[in-house]
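The structure appears right after this line, and notes come after that.
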Protein chains: 2
Amino acid sequence: MSKKDPTILETPENSFQIVESLKELDGANLTEIARHTGLAKSTVHDHLSTLQYHNYVVKEDDEYNVGLGFFEIGEYARRRLKVYQTARPEIKELAKETGELANLMVEEHGRGVYLHRERGDNAVTLDTYTGKRRYLHRTALGKAILAHLPEDRVNEILDQHGLPQATENTITDREKLFDELEKIRDEDIAYCRQERVNGLKCVAAPFLSSNNEVLGAISVAAPTTRMKGERFEEEIPELVLQAANVIEINVTYS
Amino acid sequence: MSKKDPTILETPENSFQIVESLKELDGANLTEIARHTGLAKSTVHDHLSTLQYHNYVVKEDDEYNVGLGFFEIGEYARRRLKVYQTARPEIKELAKETGELANLMVEEHGRGVYLHRERGDNAVTLDTYTGKRRYLHRTALGKAILAHLPEDRVNEILDQHGLPQATENTITDREKLFDELEKIRDEDIAYCRQERVNGLKCVAAPFLSSNNEVLGAISVAAPTTRMKGERFEEEIPELVLQAANVIEINVTYS
DNA sequence: CTGAGTGTTCCTTTCTCGGGAACTCTCTTC
DNA sequence: GAAGAGAGTTCCCGAGAAAGGAACACTCAG
């Protein structure tokens, strides 16, 4: 209550907004950006010059695009994370064993970020790509993470981001979600049954630090046709769980 | 001459400088950043709040770090590039066939950016990682790219970045470099003989668009002990060249 | 209890940034 | 080849944003 709202600087804000526009429009010229952001052309022009100077923006013939400066720093941000380093080989193994798509997710500011993926021989192609940010409540990975966050934090996240629906199976009720999280804690495994994408099921397991803080989660995703019966209920969960255990140990003791 | 210097906005500039500090210091607290950038604590504080709001910065217990916001946009910037999409499978194949480290580089603003790497079974571990920016004149990849840029552009790049030395084999003379580039154009293959790192040799080949613009280059890197005789002069060049050809065709016709 | 180190907040001044308008330049179109 | 539409660029001015300094909380160590 008494805490002051943090000061947000307007000028950098505008810079970021311009980059965001570039991403949303998938490349644009100066005039389009000005229209999209509501800023004056001259303003956008100065921002673009500044961004270009730092490789954050590139100009290719007749349009501007996001540059590789972001990639450079972004890769640094990922490599810096110990979970990424230790989980990578396990994810690879998991994809190979199952032939499906294996994923690694961590939480940042209340949402899930896919840090890494590895494709097995039969892996589905999804709209999800590395770097993508997702709501936690509608993926197996996200639920696995939520299940191990303190209840206060979970409520905080839900207050901030809500429970937007994606399919008819999405959990949109807070009570129901908490029940589900309870079950996930019991079994140490989270399932996603077409809650974000129709036709897709996932199995995920979290891994924790030595003082029981959740560090992230890994999952296997596959079409419903291959995700049923024993494979869905035992075989894959077992593999995912094992991999998560290995990661947990390696993160702690290395 | 007559062209006005582009306007660089100071406030975003400060934001970027703070992020850069975070990367250089590999995480830092507010006071350290203030010292490092020469800005007032209160100023840094406001910038950090703004950056945090956009996931560009995260605060973990007692220090600030670069956040995954950069990763999110950076991945978008990479995926957007057609070269990346088409080269990826070929790089993988190349790593598998040779057992060594295979790389993809593109040029941006006069320097080379590693877009992707794939490790074969015997791959060396290098200081280079994906996203890393390098001088063009001292890697095989960079020279392969330089060889196919217009001469004016090459001179422009050299004016801007110079020819800094890394080992006793680095080419530091402009004349010599141009001779080398000529040779590369003849053979369609570039070599790096311990010009950036002692003990490391590379073989690289560029790929061009239909109107002869260079799009990027791929390479195989290995320790000198495995890079000699026929393997270095024929076997590996042949594989790299083939892969580059496949990429060139796929980029053009798909 | 004190002191040194954080991070945060407030206030004041300065000069940066944003908008508007004028100016190029390059293509189209007639 | 003149006229016009659209782009990007440059210039200028006034409002108000951002930077700095100082004072204020907090935490931890001794």
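The chains in the structure tokens are called A, B, ... from first to last as shown; in each chain the residues are counted from 1, and the ligands are counted from 1 in the order shown.
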
Sort by chain and increasing residue number a table of all residues of chain B within 6 Å of chain A, each with its closest pair of atoms and their distance in Å to one decimal, counting only C-alpha atoms, and write it as a Markdown table.
```
| residue | atom | partner | partner_atom | distance |
| --- | --- | --- | --- | --- |
| B:Thr7 | CA | A:Asp46 | CA | 5.6 |
| B:Ile8 | CA | A:Thr50 | CA | 4.8 |
| B:Pro12 | CA | A:Pro12 | CA | 4.6 |
| B:Asp46 | CA | A:Thr7 | CA | 5.6 |
| B:Thr50 | CA | A:Ile8 | CA | 4.8 |
| B:Val66 | CA | A:Ala77 | CA | 5.7 |
| B:Phe70 | CA | A:Gly74 | CA | 4.3 |
| B:Phe71 | CA | A:Gly74 | CA | 3.5 |
| B:Glu72 | CA | A:Gly131 | CA | 4.2 |
| B:Gly74 | CA | A:Phe71 | CA | 3.5 |
| B:Glu75 | CA | A:Gly131 | CA | 5.9 |
| B:Ala77 | CA | A:Val66 | CA | 5.7 |
| B:Gly131 | CA | A:Glu72 | CA | 4.2 |
| B:Lys132 | CA | A:Glu72 | CA | 6.0 |
```

Go ahead and write the residues just picked, C-alpha atoms, as a tab-separated table (two decimals), in the first residue's frame.
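Result written to selection.tsv:
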```tsv
chain	number	residue	atom	x	y	z
B	7	THR	CA	20.53	11.86	-33.43
B	8	ILE	CA	21.26	9.52	-30.56
B	12	PRO	CA	17.55	5.10	-24.03
B	46	ASP	CA	14.53	4.54	-12.33
B	50	THR	CA	11.62	0.51	-16.28
B	66	VAL	CA	19.78	-9.41	-17.55
B	70	PHE	CA	16.06	-10.08	-24.39
B	71	PHE	CA	15.97	-13.79	-25.04
B	72	GLU	CA	12.37	-13.61	-26.18
B	74	GLY	CA	16.40	-12.22	-29.63
B	75	GLU	CA	14.97	-15.58	-30.56
B	77	ALA	CA	15.19	-11.91	-34.43
B	131	GLY	CA	25.05	-14.86	-30.32
B	132	LYS	CA	28.67	-13.85	-29.95
```

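If you take only C-alpha atoms (C1' of nucleotides) and a cut-off of 9 Å, the residues of chain A that reach chain C are Lys4, Thr11, Leu39, Ala40, Lys41, Ser42 and Thr43 of chain A.
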
Next item on the list: Using DSSP on the backbone coordinates, identify the residues of region 51-248 of chain B assigned to helix (DSSP H, G or I); present them as a PyMOL selection string.
Entry: chain B and resi 51-53+69-79+82-98+136-138+140-146+151-161+174-187+224-226+229-248

Note to self: Would you compute the distance between CA of Asn211 (chain B) and CA of Asn250 (chain B)? Give it in Å to one decimal.
What the structure shows: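 Between these atoms lies a distance of 14.7 Å.
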
Item checked: chain B contacts on chain D, only C-alpha atoms (C1' of nucleotides), 8 Å, as a PyMOL selection string -> chain D and resi 18-20

Check: Using the chain letters and numbers from this document, which residues of region 5-228 of chain A does DSSP assign to strand (DSSP E or B), as number ranges by chain?
Finding: A: 28, 57-60, 63-66, 101-108, 111-119, 133-134, 190-193, 200-208, 214-223

Next item on the list: Would you please work out which residue, of B:Phe232, B:Tyr135, B:Tyr84, B:Tyr64, is nearest to Arg193 (chain B) when using only C-alpha atoms?
Entry: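 Nearest candidate to Arg193 (chain B) out of B:Phe232, B:Tyr135, B:Tyr84, B:Tyr64: B:Phe232.
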